[in-house]
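Asks: Provided below: run12.cif, containing mmCIF, C-alpha atoms.
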data_run
loop_
_atom_site.label_atom_id
_atom_site.label_comp_id
_atom_site.auth_asym_id
_atom_site.auth_seq_id
_atom_site.Cartn_x
_atom_site.Cartn_y
_atom_site.Cartn_z
CA MET N 21 5.19 -16.03 185.97
CA PRO N 22 6.00 -19.61 186.88
CA ASP N 23 9.29 -19.91 188.74
CA ALA N 24 10.73 -22.50 191.08
CA GLY N 25 11.91 -19.84 193.54
CA HIS N 26 8.41 -18.36 193.74
CA ALA N 27 6.62 -21.73 193.69
CA ARG N 28 5.43 -21.66 197.31
CA LEU N 29 4.30 -18.04 197.07
CA ILE N 30 2.46 -18.73 193.81
CA GLN N 31 0.70 -21.66 195.48
CA LEU N 32 -0.33 -19.50 198.45
CA LEU N 33 -1.60 -16.69 196.22
CA HIS N 34 -3.67 -19.06 194.08
CA ALA N 35 -5.18 -20.51 197.26
CA ASP N 36 -6.08 -17.10 198.76
CA SER N 37 -9.64 -16.11 197.89
CA ALA N 38 -8.83 -12.46 198.67
CA VAL N 39 -6.26 -12.38 195.88
CA THR N 40 -6.87 -12.31 192.13
CA THR N 41 -4.08 -14.11 190.30
CA ASN N 42 -3.20 -13.92 186.61
CA VAL N 43 -1.03 -16.43 184.81
CA LEU N 44 0.94 -14.58 182.13
CA THR N 45 2.48 -15.72 178.87
CA THR N 46 5.33 -13.21 179.18
CA GLU N 47 6.50 -10.94 181.97
CA GLU N 48 5.69 -7.62 180.28
CA GLU N 49 2.00 -8.44 180.45
CA GLY N 50 2.20 -8.05 184.20
CA ILE N 51 3.34 -4.43 183.96
CA ALA N 52 0.17 -3.64 182.01
CA VAL N 53 -2.16 -5.67 184.24
CA ALA N 54 -0.70 -3.97 187.33
CA ALA N 55 -1.29 -0.52 185.82
CA GLY N 56 -4.87 -1.43 184.97
CA ALA N 57 -5.47 -2.77 188.46
CA TRP N 58 -4.19 0.51 189.93
CA LEU N 59 -6.41 2.55 187.62
CA GLY N 60 -9.27 0.56 189.13
CA GLY N 61 -8.07 0.88 192.73
CA GLN N 62 -6.27 -2.40 193.39
CA ARG N 63 -2.68 -3.23 194.33
CA SER N 64 -0.69 -6.00 192.78
CA VAL N 65 2.66 -7.72 192.85
CA LEU N 66 4.47 -9.18 189.87
CA LEU N 67 6.57 -12.33 190.28
CA MET N 68 9.24 -13.34 187.79
CA GLN N 69 12.78 -14.54 187.47
CA SER N 70 15.67 -12.45 186.23
CA SER N 71 15.53 -13.86 182.70
CA GLY N 72 12.09 -12.25 182.38
CA VAL N 73 13.21 -8.74 183.25
CA GLY N 74 14.52 -8.21 179.75
CA ASN N 75 11.05 -8.93 178.38
CA CYS N 76 9.66 -5.99 180.35
CA ILE N 77 11.89 -3.13 179.30
CA ASN N 78 9.71 -1.14 176.89
CA MET N 79 6.53 -1.93 178.84
CA LEU N 80 8.09 -0.42 181.96
CA SER N 81 7.65 3.00 180.30
CA LEU N 82 3.97 2.69 181.24
CA ALA N 83 4.84 2.42 184.93
CA THR N 84 7.57 5.08 184.98
CA VAL N 85 5.93 7.70 182.74
CA GLY N 86 2.57 7.22 184.46
CA ARG N 87 4.16 7.02 187.93
CA PHE N 88 2.16 3.85 188.52
CA PRO N 89 3.03 1.98 191.71
CA LEU N 90 4.91 -1.15 190.71
CA LEU N 91 6.25 -3.93 192.91
CA MET N 92 8.23 -6.69 191.21
CA LEU N 93 9.75 -9.66 193.04
CA VAL N 94 12.57 -11.04 190.92
CA THR N 95 14.34 -14.30 191.74
CA MET N 96 17.90 -14.14 190.44
CA ARG N 97 19.48 -16.67 188.15
CA GLY N 98 22.93 -16.75 186.69
CA GLU N 99 24.82 -15.49 189.73
CA TRP N 100 25.30 -18.29 192.31
CA ALA N 101 26.10 -21.91 191.55
CA GLU N 102 24.39 -21.49 188.20
CA PHE N 103 24.73 -24.50 185.94
CA ASN N 104 23.04 -23.01 182.86
CA PRO N 105 25.15 -20.53 180.89
CA TRP N 106 22.06 -19.16 179.12
CA GLN N 107 20.88 -17.67 182.42
CA VAL N 108 24.07 -15.70 182.96
CA PRO N 109 23.72 -12.71 180.58
CA MET N 110 20.32 -11.56 181.82
CA GLY N 111 21.21 -12.35 185.41
CA THR N 112 24.31 -10.19 185.06
CA GLY N 113 22.33 -7.36 183.48
CA THR N 114 19.15 -7.39 185.57
CA ALA N 115 19.90 -4.51 187.94
CA ALA N 116 21.53 -2.40 185.22
CA ALA N 117 18.66 -2.97 182.79
CA LEU N 118 16.07 -1.94 185.36
CA ALA N 119 18.11 1.09 186.42
CA ALA N 120 18.51 2.12 182.78
CA VAL N 121 14.74 2.58 182.41
CA GLY N 122 14.20 4.17 185.81
CA VAL N 123 13.15 1.24 187.98
CA ARG N 124 14.67 1.15 191.48
CA THR N 125 16.18 -2.14 192.61
CA MET N 126 16.64 -3.43 196.16
CA ARG N 127 18.57 -6.61 196.78
CA ALA N 128 17.84 -9.26 199.42
CA GLU N 129 20.65 -11.63 200.41
CA THR N 130 19.07 -13.26 203.51
CA ALA N 131 15.58 -14.39 204.54
CA GLU N 132 15.42 -11.72 207.27
CA ASP N 133 16.43 -9.03 204.82
CA LEU N 134 13.88 -10.24 202.32
CA VAL N 135 10.90 -9.69 204.61
CA GLU N 136 12.04 -6.22 205.59
CA ILE N 137 13.01 -5.23 202.06
CA VAL N 138 9.73 -6.38 200.50
CA GLY N 139 7.84 -4.37 203.13
CA SER N 140 9.94 -1.34 202.38
CA ALA N 141 9.56 -1.81 198.63
CA ALA N 142 5.78 -2.10 198.97
CA THR N 143 5.68 1.18 200.86
CA LEU N 144 7.84 2.89 198.26
CA ALA N 145 5.63 1.55 195.49
CA TYR N 146 2.21 2.13 196.96
CA GLU N 147 2.78 5.18 199.15
CA ALA N 148 5.43 6.98 197.12
CA ASP N 149 4.33 5.94 193.61
CA GLN N 150 7.69 4.32 192.86
CA GLN N 151 8.57 1.46 190.54
CA VAL N 152 10.54 -1.05 192.58
CA ALA N 153 12.04 -4.45 191.85
CA VAL N 154 13.25 -6.60 194.76
CA LEU N 155 16.06 -8.81 193.50
CA ILE N 156 16.15 -12.03 195.51
CA ALA N 157 19.68 -13.45 195.52
CA GLN N 158 20.12 -16.86 193.95
CA ARG N 159 22.16 -17.85 196.96
CA LEU N 160 19.11 -17.24 199.16
CA ILE N 161 16.85 -19.38 196.95
CA GLY N 162 19.44 -22.10 196.59
CA ALA N 163 20.96 -23.62 193.51
CA LYS N 164 18.51 -25.39 191.22
CA LYS N 165 18.48 -29.14 191.88
CA TRP N 166 18.35 -31.56 188.91
CA MET Z 1100 -11.75 -13.79 152.08
CA VAL Z 1101 -12.33 -10.05 151.97
CA SER Z 1102 -9.03 -8.27 151.51
CA ALA Z 1103 -8.11 -5.24 153.59
CA MET Z 1104 -8.40 -3.10 150.48
CA ASP Z 1105 -12.12 -3.84 150.23
CA ASN Z 1106 -13.02 -2.30 153.58
CA THR Z 1107 -14.88 0.97 153.26
CA LEU Z 1108 -15.87 1.67 156.87
CA GLU Z 1109 -14.23 4.88 158.14
CA ARG Z 1110 -12.52 4.34 161.50
CA ARG Z 1111 -13.63 7.59 163.15
CA ALA Z 1112 -17.28 6.94 162.25
CA ALA Z 1113 -16.96 3.36 163.49
CA VAL Z 1114 -15.47 4.32 166.88
CA ALA Z 1115 -17.98 7.15 167.33
CA ALA Z 1116 -20.80 4.69 166.61
CA LEU Z 1117 -19.38 2.11 169.03
CA LEU Z 1118 -19.14 4.73 171.80
CA LYS Z 1119 -22.54 6.34 171.23
CA GLU Z 1120 -24.48 6.58 174.52
CA ARG Z 1121 -21.54 4.96 176.29
CA GLY Z 1122 -22.92 5.49 179.78
CA ASP Z 1123 -20.42 4.58 182.50
CA LEU Z 1124 -18.17 2.59 180.17
CA LEU Z 1125 -14.45 2.73 181.04
CA VAL Z 1126 -12.19 2.87 177.98
CA VAL Z 1127 -8.47 2.20 177.52
CA ALA Z 1128 -7.10 3.08 174.08
CA GLY Z 1129 -3.88 1.76 172.60
CA LEU Z 1130 -1.21 3.98 171.12
CA GLY Z 1131 -1.66 5.68 167.77
CA SER Z 1132 -4.89 5.74 165.84
CA PRO Z 1133 -7.11 4.04 168.46
CA ALA Z 1134 -6.15 6.78 170.95
CA TYR Z 1135 -6.85 9.47 168.35
CA ASP Z 1136 -10.17 7.82 167.47
CA LEU Z 1137 -11.21 7.73 171.12
CA ASN Z 1138 -10.24 11.36 171.66
CA ALA Z 1139 -12.13 12.38 168.52
CA ALA Z 1140 -15.22 10.52 169.75
CA GLY Z 1141 -15.18 12.64 172.93
CA ASP Z 1142 -12.66 13.07 175.71
CA THR Z 1143 -13.79 12.19 179.24
CA ASP Z 1144 -12.12 11.34 182.55
CA ALA Z 1145 -13.18 7.72 181.95
CA ASN Z 1146 -10.77 7.47 179.01
CA PHE Z 1147 -7.16 6.33 179.47
CA TYR Z 1148 -4.97 6.84 176.43
CA LEU Z 1149 -1.64 5.23 175.69
CA TRP Z 1150 1.18 6.86 173.76
CA GLY Z 1151 3.54 3.89 174.04
CA ALA Z 1152 3.82 0.53 175.83
CA MET Z 1153 2.65 -1.21 172.66
CA GLY Z 1154 0.73 -4.37 173.40
CA SER Z 1155 -0.62 -3.17 176.72
CA ALA Z 1156 -4.12 -1.84 176.01
CA ALA Z 1157 -6.04 -5.12 176.36
CA LEU Z 1158 -4.03 -6.11 179.46
CA ILE Z 1159 -4.55 -2.76 181.17
CA GLY Z 1160 -8.18 -3.49 180.39
CA LEU Z 1161 -7.85 -6.86 182.13
CA GLY Z 1162 -6.39 -5.37 185.31
CA LEU Z 1163 -9.01 -2.65 185.32
CA ALA Z 1164 -11.86 -5.09 184.68
CA GLN Z 1165 -10.72 -7.26 187.59
CA ALA Z 1166 -10.44 -4.24 189.88
CA GLN Z 1167 -13.84 -2.86 188.83
CA PRO Z 1168 -15.99 -5.94 188.29
CA GLN Z 1169 -19.22 -3.95 188.24
CA ARG Z 1170 -18.13 -1.75 185.35
CA THR Z 1171 -17.79 -2.65 181.70
CA VAL Z 1172 -14.29 -2.03 180.37
CA LEU Z 1173 -13.56 -1.50 176.69
CA ALA Z 1174 -10.01 -1.88 175.44
CA LEU Z 1175 -9.82 -0.12 172.10
CA THR Z 1176 -6.82 -1.26 170.13
CA GLY Z 1177 -5.51 -1.75 166.61
CA ASP Z 1178 -4.51 -4.84 164.70
CA GLY Z 1179 -0.83 -3.93 165.03
CA GLU Z 1180 -0.94 -3.63 168.80
CA GLN Z 1181 -3.04 -6.75 169.31
CA LEU Z 1182 -0.78 -8.78 167.05
CA MET Z 1183 2.12 -7.72 169.28
CA GLY Z 1184 0.10 -8.84 172.31
CA LEU Z 1185 -1.28 -12.16 171.05
CA GLY Z 1186 -0.14 -13.91 174.23
CA GLY Z 1187 -2.14 -11.37 176.19
CA LEU Z 1188 -5.30 -12.70 174.59
CA ALA Z 1189 -4.49 -16.10 176.11
CA THR Z 1190 -3.96 -14.42 179.50
CA ILE Z 1191 -7.34 -12.70 179.19
CA ALA Z 1192 -9.03 -15.89 177.99
CA ILE Z 1193 -8.01 -17.87 181.07
CA ALA Z 1194 -8.71 -14.95 183.45
CA LYS Z 1195 -12.30 -14.96 182.10
CA PRO Z 1196 -13.35 -11.39 182.96
CA ARG Z 1197 -17.03 -11.02 182.08
CA ASN Z 1198 -16.79 -7.25 181.93
CA LEU Z 1199 -13.96 -6.84 179.42
CA VAL Z 1200 -14.42 -6.23 175.71
CA VAL Z 1201 -11.40 -5.93 173.44
CA ALA Z 1202 -12.30 -4.04 170.26
CA VAL Z 1203 -9.71 -4.24 167.50
CA ILE Z 1204 -9.97 -1.45 164.95
CA ASP Z 1205 -8.50 -3.50 162.13
CA ASN Z 1206 -7.28 -1.66 159.04
CA GLY Z 1207 -4.97 -4.51 158.07
CA HIS Z 1208 -2.00 -2.17 158.15
CA PHE Z 1209 0.59 -0.58 160.41
CA GLY Z 1210 -0.92 2.86 159.93
CA GLU Z 1211 1.46 4.89 162.10
CA THR Z 1212 4.61 3.77 160.38
CA GLY Z 1213 3.90 4.11 156.68
CA MET Z 1214 0.84 1.89 156.16
CA GLN Z 1215 2.67 -1.37 155.58
CA ALA Z 1216 0.35 -4.40 155.37
CA SER Z 1217 0.00 -6.14 158.75
CA HIS Z 1218 -0.62 -9.80 159.50
CA THR Z 1219 -4.40 -9.26 159.55
CA GLY Z 1220 -4.06 -7.65 156.12
CA ARG Z 1221 -2.30 -10.82 155.02
CA GLY Z 1222 -4.94 -13.20 156.34
CA ILE Z 1223 -4.65 -13.60 160.12
CA ASP Z 1224 -8.12 -13.46 161.71
CA LEU Z 1225 -7.93 -12.12 165.28
CA ALA Z 1226 -11.54 -13.06 166.02
CA ALA Z 1227 -10.77 -16.67 165.11
CA VAL Z 1228 -7.62 -16.54 167.27
CA ALA Z 1229 -9.62 -15.29 170.25
CA ALA Z 1230 -12.37 -17.86 169.65
CA SER Z 1231 -9.80 -20.64 169.64
CA MET Z 1232 -8.54 -19.39 173.00
CA GLY Z 1233 -11.99 -19.60 174.55
CA PHE Z 1234 -13.27 -16.03 174.45
CA ALA Z 1235 -16.97 -16.09 175.30
CA GLU Z 1236 -17.91 -14.15 172.20
CA THR Z 1237 -16.09 -12.97 169.09
CA ARG Z 1238 -17.70 -10.84 166.41
CA THR Z 1239 -16.58 -9.03 163.31
CA ALA Z 1240 -18.22 -5.94 161.83
CA SER Z 1241 -17.41 -4.15 158.60
CA ASP Z 1242 -20.19 -1.59 158.29
CA LEU Z 1243 -22.07 0.83 160.56
CA ALA Z 1244 -25.02 -1.52 161.00
CA GLY Z 1245 -22.60 -4.15 162.22
CA VAL Z 1246 -20.96 -1.68 164.61
CA GLU Z 1247 -24.38 -0.76 165.99
CA ALA Z 1248 -24.94 -4.45 166.75
CA LEU Z 1249 -21.57 -4.53 168.54
CA ARG Z 1250 -22.52 -1.41 170.50
CA ARG Z 1251 -25.66 -3.08 171.77
CA ALA Z 1252 -23.72 -6.24 172.61
CA LEU Z 1253 -21.10 -4.15 174.45
CA HIS Z 1254 -23.72 -3.04 176.98
CA ALA Z 1255 -25.30 -6.49 177.37
CA PRO Z 1256 -24.21 -8.99 180.04
CA ALA Z 1257 -21.64 -11.58 178.99
CA SER Z 1258 -20.37 -14.89 180.35
CA GLY Z 1259 -16.70 -14.12 179.69
CA PRO Z 1260 -14.29 -11.93 177.76
CA ARG Z 1261 -15.27 -10.75 174.31
CA LEU Z 1262 -13.32 -9.65 171.27
CA PHE Z 1263 -14.80 -7.53 168.53
CA VAL Z 1264 -13.01 -6.91 165.25
CA ILE Z 1265 -14.08 -3.83 163.33
CA LYS Z 1266 -12.76 -3.88 159.78
CA VAL Z 1267 -12.02 -0.34 158.62
CA SER Z 1268 -10.44 1.28 155.59
CA ALA Z 1269 -6.70 1.89 155.63
CA GLN Z 1270 -6.71 5.67 155.91
CA ASN Z 1271 -5.22 7.98 158.50
CA PRO Z 1272 -7.72 10.72 159.29
CA PRO Z 1273 -6.33 14.00 160.70
CA ARG Z 1274 -4.82 13.32 164.12
CA SER Z 1275 -6.92 14.11 167.18
CA LEU Z 1276 -4.37 14.22 169.95
CA PRO Z 1277 -5.29 13.41 173.55
CA ALA Z 1278 -3.19 14.53 176.53
CA ARG Z 1279 0.21 12.85 176.67
CA ASP Z 1280 0.80 13.18 180.42
CA ALA Z 1281 0.04 9.73 181.78
CA VAL Z 1282 0.09 10.95 185.40
CA TYR Z 1283 -2.68 13.42 184.58
CA LEU Z 1284 -4.63 10.76 182.71
CA LYS Z 1285 -4.19 8.27 185.56
CA ASN Z 1286 -5.19 10.73 188.26
CA ARG Z 1287 -8.30 11.99 186.54
CA PHE Z 1288 -9.35 8.41 185.77
CA ARG Z 1289 -8.96 7.38 189.42
CA ALA Z 1290 -10.75 10.50 190.59
CA ARG Z 1291 -13.62 9.62 188.29
CA LEU Z 1292 -13.89 6.28 190.10
CA GLY Z 1293 -13.75 7.98 193.49
CA LEU Z 1294 -10.27 6.66 194.25
CA PRO Z 1295 -7.55 8.61 196.09
CA VAL Z 1296 -5.25 10.62 193.86
CA SER Z 1297 -1.71 10.87 195.14
#
What do you get writing this file as structure tokens?
Replies:
Amino acid sequence: MPDAGHARLIQLLHADSAVTTNVLTTEEEGIAVAAGAWLGGQRSVLLMQSSGVGNCINMLSLATVGRFPLLMLVTMRGEWAEFNPWQVPMGTGTAAALAAVGVRTMRAETAEDLVEIVGSAATLAYEADQQVAVLIAQRLIGAKKW
Amino acid sequence: MVSAMDNTLERRAAVAALLKERGDLLVVAGLGSPAYDLNAAGDTDANFYLWGAMGSAALIGLGLAQAQPQRTVLALTGDGEQLMGLGGLATIAIAKPRNLVVAVIDNGHFGETGMQASHTGRGIDLAAVAASMGFAETRTASDLAGVEALRRALHAPASGPRLFVIKVSAQNPPRSLPARDAVYLKNRFRARLGLPVS
């Protein structure tokens, strides 16, 4: 999903001929595409911001019930120097919402942590068949500039 | 316009005809009647059935089609599920998988929940929606001869994603229940493709 925090990564993935990218209309689509890719033998990663996590809740049953590997990278909004009140409710509820449907969350506060945590999350997802969301702190991304 | 009440094609016969001589076709079926129809047509390891995650069948088909570009993937869904996943059709349209066919078994009703009229039963044309999004081919069938034409098209090469609408009567045949354990279904599907099963 388009997101300012993921912008550089999205650009790199689109430019990498070894990677198939899908642009989604809503975050839950990615849960389904990732499951299909795994049925066919491919790994994937789903990028979104915290406001999109709520869109995924019922669809996550596919990943948890089927024990499909799932790696989500979630940039947080609504928690650090947030100017937009509409981002706050879902930002506040992101970790709890994911936990409520059985998705593990791991939180990265620094750039060093992020690299290590994403590696760990990928192993948990793809070696241990876990459903993992890495929550990337808004403080790490930086407040949105207008 | 033909109203949903005028459709006489029986869904089980239609799905059986579509899947006749299916070869190495991979099939994902959406929750409810499409899953029962697929199971009734013949269970195999190359079938993946959903019992929930409404809206996902066509998109699981997309991920699978991209991962297995040499295989044809059929996503068998209903009008209710595809209406919930209209945005997914746009995602499929721009991804342009040549090996994905979405077949909507369209009875114009929400058959699992009391047979209330759906949006297709009130005039929305999913084939026209898909065509407007740039699907390479969209076709509608409402009798067995038409389904046979779709079956032949299913196994022919295509230049992009396709969407077939099969208009069926609004009846719920006796349920034909596939396995509900998604881990089992996933593992046997992957094993069928020669992939590691964890």
Asks: Set the distance at 10 Å and use all atoms listed in the file: which residues neighbour range 140-142 of chain N once local chain neighbours fewer than 6 positions away are removed? I'd like the list as a PyMOL selection string.
Replies: chain N and resi 63-65+89-93+124-126+134+148-154
Asks: Any chance you could export the current selection's C-alpha atoms as a PDB file, in the coordinates of the input?
Replies:
ATOM      1  CA  ARG N  63      -2.680  -3.230 194.330  1.00  0.00           C
ATOM      2  CA  SER N  64      -0.690  -6.000 192.780  1.00  0.00           C
ATOM      3  CA  VAL N  65       2.660  -7.720 192.850  1.00  0.00           C
ATOM      4  CA  PRO N  89       3.030   1.980 191.710  1.00  0.00           C
ATOM      5  CA  LEU N  90       4.910  -1.150 190.710  1.00  0.00           C
ATOM      6  CA  LEU N  91       6.250  -3.930 192.910  1.00  0.00           C
ATOM      7  CA  MET N  92       8.230  -6.690 191.210  1.00  0.00           C
ATOM      8  CA  LEU N  93       9.750  -9.660 193.040  1.00  0.00           C
ATOM      9  CA  ARG N 124      14.670   1.150 191.480  1.00  0.00           C
ATOM     10  CA  THR N 125      16.180  -2.140 192.610  1.00  0.00           C
ATOM     11  CA  MET N 126      16.640  -3.430 196.160  1.00  0.00           C
ATOM     12  CA  LEU N 134      13.880 -10.240 202.320  1.00  0.00           C
ATOM     13  CA  ALA N 148       5.430   6.980 197.120  1.00  0.00           C
ATOM     14  CA  ASP N 149       4.330   5.940 193.610  1.00  0.00           C
ATOM     15  CA  GLN N 150       7.690   4.320 192.860  1.00  0.00           C
ATOM     16  CA  GLN N 151       8.570   1.460 190.540  1.00  0.00           C
ATOM     17  CA  VAL N 152      10.540  -1.050 192.580  1.00  0.00           C
ATOM     18  CA  ALA N 153      12.040  -4.450 191.850  1.00  0.00           C
ATOM     19  CA  VAL N 154      13.250  -6.600 194.760  1.00  0.00           C
TER      20      VAL N 154
END
Asks: Taking the point (19.7, -18.9, 193.9) as given in the file, collect each protein or nucleic acid residue that comes within 8 Å of it, counting only C-alpha atoms, and present the set as a VMD selection string.
Replies: chain N and resid 25 95 to 97 99 to 102 156 to 164
Asks: Counting all atoms listed in the file, what is within 7 Å of Leu1284 in chain Z, bar same-chain residues fewer than 4 positions away, as a ChimeraX atom specification?
Replies: /Z:1147,1280,1288
Asks: Just so the selection is clear, what residues does the PyMOL selection byres ((chain Z) within 10 of (chain N)) cover here, as an mmCIF file with C-alpha atoms, in the coordinates of the input?
Replies:
data_model
loop_
_atom_site.group_PDB
_atom_site.id
_atom_site.type_symbol
_atom_site.label_atom_id
_atom_site.label_comp_id
_atom_site.auth_asym_id
_atom_site.auth_seq_id
_atom_site.Cartn_x
_atom_site.Cartn_y
_atom_site.Cartn_z
ATOM 1 C CA LEU Z 1125 -14.450 2.730 181.040
ATOM 2 C CA VAL Z 1127 -8.470 2.200 177.520
ATOM 3 C CA PHE Z 1147 -7.160 6.330 179.470
ATOM 4 C CA LEU Z 1149 -1.640 5.230 175.690
ATOM 5 C CA TRP Z 1150 1.180 6.860 173.760
ATOM 6 C CA GLY Z 1151 3.540 3.890 174.040
ATOM 7 C CA ALA Z 1152 3.820 0.530 175.830
ATOM 8 C CA MET Z 1153 2.650 -1.210 172.660
ATOM 9 C CA GLY Z 1154 0.730 -4.370 173.400
ATOM 10 C CA SER Z 1155 -0.620 -3.170 176.720
ATOM 11 C CA ALA Z 1156 -4.120 -1.840 176.010
ATOM 12 C CA ALA Z 1157 -6.040 -5.120 176.360
ATOM 13 C CA LEU Z 1158 -4.030 -6.110 179.460
ATOM 14 C CA ILE Z 1159 -4.550 -2.760 181.170
ATOM 15 C CA GLY Z 1160 -8.180 -3.490 180.390
ATOM 16 C CA LEU Z 1161 -7.850 -6.860 182.130
ATOM 17 C CA GLY Z 1162 -6.390 -5.370 185.310
ATOM 18 C CA LEU Z 1163 -9.010 -2.650 185.320
ATOM 19 C CA ALA Z 1164 -11.860 -5.090 184.680
ATOM 20 C CA GLN Z 1165 -10.720 -7.260 187.590
ATOM 21 C CA ALA Z 1166 -10.440 -4.240 189.880
ATOM 22 C CA GLN Z 1167 -13.840 -2.860 188.830
ATOM 23 C CA PRO Z 1168 -15.990 -5.940 188.290
ATOM 24 C CA ARG Z 1170 -18.130 -1.750 185.350
ATOM 25 C CA GLY Z 1184 0.100 -8.840 172.310
ATOM 26 C CA LEU Z 1185 -1.280 -12.160 171.050
ATOM 27 C CA GLY Z 1186 -0.140 -13.910 174.230
ATOM 28 C CA GLY Z 1187 -2.140 -11.370 176.190
ATOM 29 C CA LEU Z 1188 -5.300 -12.700 174.590
ATOM 30 C CA ALA Z 1189 -4.490 -16.100 176.110
ATOM 31 C CA THR Z 1190 -3.960 -14.420 179.500
ATOM 32 C CA ILE Z 1191 -7.340 -12.700 179.190
ATOM 33 C CA ILE Z 1193 -8.010 -17.870 181.070
ATOM 34 C CA ALA Z 1194 -8.710 -14.950 183.450
ATOM 35 C CA ARG Z 1279 0.210 12.850 176.670
ATOM 36 C CA ASP Z 1280 0.800 13.180 180.420
ATOM 37 C CA ALA Z 1281 0.040 9.730 181.780
ATOM 38 C CA VAL Z 1282 0.090 10.950 185.400
ATOM 39 C CA TYR Z 1283 -2.680 13.420 184.580
ATOM 40 C CA LEU Z 1284 -4.630 10.760 182.710
ATOM 41 C CA LYS Z 1285 -4.190 8.270 185.560
ATOM 42 C CA ASN Z 1286 -5.190 10.730 188.260
ATOM 43 C CA ARG Z 1287 -8.300 11.990 186.540
ATOM 44 C CA PHE Z 1288 -9.350 8.410 185.770
ATOM 45 C CA ARG Z 1289 -8.960 7.380 189.420
ATOM 46 C CA ALA Z 1290 -10.750 10.500 190.590
ATOM 47 C CA LEU Z 1292 -13.890 6.280 190.100
ATOM 48 C CA GLY Z 1293 -13.750 7.980 193.490
ATOM 49 C CA LEU Z 1294 -10.270 6.660 194.250
ATOM 50 C CA PRO Z 1295 -7.550 8.610 196.090
ATOM 51 C CA SER Z 1297 -1.710 10.870 195.140
#
Asks: Counting only C-alpha atoms, figure out which residue out of N:Gly139, N:Gly74, N:Pro22, N:Pro105 gets nearest to Leu118 in chain N.
Replies: N:Gly74
Asks: Can you translate the PyMOL selection byres ((chain Z and resi 1111) around 9) into the concrete residues it hits in this file, as a PyMOL selection string?
Replies: chain Z and resi 1108-1110+1112-1116+1135-1137+1139-1140+1272
Asks: Do you have the CA of Lys1266 in chain Z-CA of Asp1144 in chain Z distance handy?
Replies: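 Rounded to one decimal, the two atoms are 27.4 Å apart.
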Asks: Kindly indicate which residue among Z:Ala1235, Z:Leu1225, Z:Ala1244, Z:Val1267 lies nearest to Ser1132 in chain Z, using only C-alpha atoms for the distances.
Replies: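 Among the listed residues, the smallest separation from Ser1132 in chain Z belongs to Z:Val1267.
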Asks: Rounded to one decimal, what separation in Å do you get between CA of Asp1205 in chain Z and CA of Thr1171 in chain Z?
Replies: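 One can read the CA of Asp1205 in chain Z to CA of Thr1171 in chain Z distance as 21.7 Å.
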Asks: Around the point (1.1, -8.6, 166.4) in the file's coordinates, collect all residues with an atom within 9 Å, using all atoms listed in the file, and return them as a ChimeraX atom specification.
Replies: /Z:1154,1178-1185,1217-1219
Asks: Enter the distance from CA of Arg1291 in chain Z to CA of Leu1118 in chain Z, in Å, rounded to one decimal.
Replies: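 Between CA of Arg1291 in chain Z and CA of Leu1118 in chain Z the gap is 18.1 Å.
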Asks: Hey, what comes out of the PyMOL selection byres ((chain Z and resi 1214) around 12) on this file? Could you write it as a PyMOL selection string?
Replies: chain Z and resi 1103-1104+1132+1179+1206-1213+1215-1217+1220+1268-1271
Asks: Pick from Z:Asp1242, Z:Pro1277, Z:Gly1259, Z:Gln1169: nearest to Ala1128 in chain Z, with only C-alpha atoms counted?
Replies: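 Among the listed residues, Z:Pro1277 lies closest to Ala1128 in chain Z.
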Asks: With a distance cut-off of 12 Å and only C-alpha atoms, select the neighbouring residues of Gly1122 in chain Z, excluding the residue or stretch itself and same-chain residues fewer than 5 positions from it, and output the selection as JSON, numbers by chain.
Replies: {"Z": [1117, 1143, 1145, 1170, 1171, 1172, 1250, 1253, 1254]}
Asks: Could you give me range 1267-1275 of chain Z completed to N, CA and C atoms, formatted as a PDB file, in the coordinates of the input?
Replies:
ATOM      1  N   VAL Z1267     -11.910  -1.725 159.103  1.00  0.00           N
ATOM      2  CA  VAL Z1267     -12.020  -0.340 158.620  1.00  0.00           C
ATOM      3  C   VAL Z1267     -11.073  -0.142 157.440  1.00  0.00           C
ATOM      4  N   SER Z1268     -11.294   0.970 156.731  1.00  0.00           N
ATOM      5  CA  SER Z1268     -10.440   1.280 155.590  1.00  0.00           C
ATOM      6  C   SER Z1268      -9.071   1.754 156.082  1.00  0.00           C
ATOM      7  N   ALA Z1269      -8.080   1.537 155.254  1.00  0.00           N
ATOM      8  CA  ALA Z1269      -6.700   1.890 155.630  1.00  0.00           C
ATOM      9  C   ALA Z1269      -6.429   3.338 155.274  1.00  0.00           C
ATOM     10  N   GLN Z1270      -6.951   4.230 156.104  1.00  0.00           N
ATOM     11  CA  GLN Z1270      -6.710   5.670 155.910  1.00  0.00           C
ATOM     12  C   GLN Z1270      -6.369   6.264 157.258  1.00  0.00           C
ATOM     13  N   ASN Z1271      -5.513   7.249 157.263  1.00  0.00           N
ATOM     14  CA  ASN Z1271      -5.220   7.980 158.500  1.00  0.00           C
ATOM     15  C   ASN Z1271      -5.955   9.308 158.465  1.00  0.00           C
ATOM     16  N   PRO Z1272      -7.059   9.420 159.219  1.00  0.00           N
ATOM     17  CA  PRO Z1272      -7.720  10.720 159.290  1.00  0.00           C
ATOM     18  C   PRO Z1272      -6.832  11.716 160.036  1.00  0.00           C
ATOM     19  N   PRO Z1273      -7.146  13.020 159.970  1.00  0.00           N
ATOM     20  CA  PRO Z1273      -6.330  14.000 160.700  1.00  0.00           C
ATOM     21  C   PRO Z1273      -6.208  13.599 162.162  1.00  0.00           C
ATOM     22  N   ARG Z1274      -5.039  13.762 162.734  1.00  0.00           N
ATOM     23  CA  ARG Z1274      -4.820  13.320 164.120  1.00  0.00           C
ATOM     24  C   ARG Z1274      -5.663  14.134 165.085  1.00  0.00           C
ATOM     25  N   SER Z1275      -6.167  13.466 166.094  1.00  0.00           N
ATOM     26  CA  SER Z1275      -6.920  14.110 167.180  1.00  0.00           C
ATOM     27  C   SER Z1275      -6.197  13.722 168.452  1.00  0.00           C
TER      28      SER Z1275
END
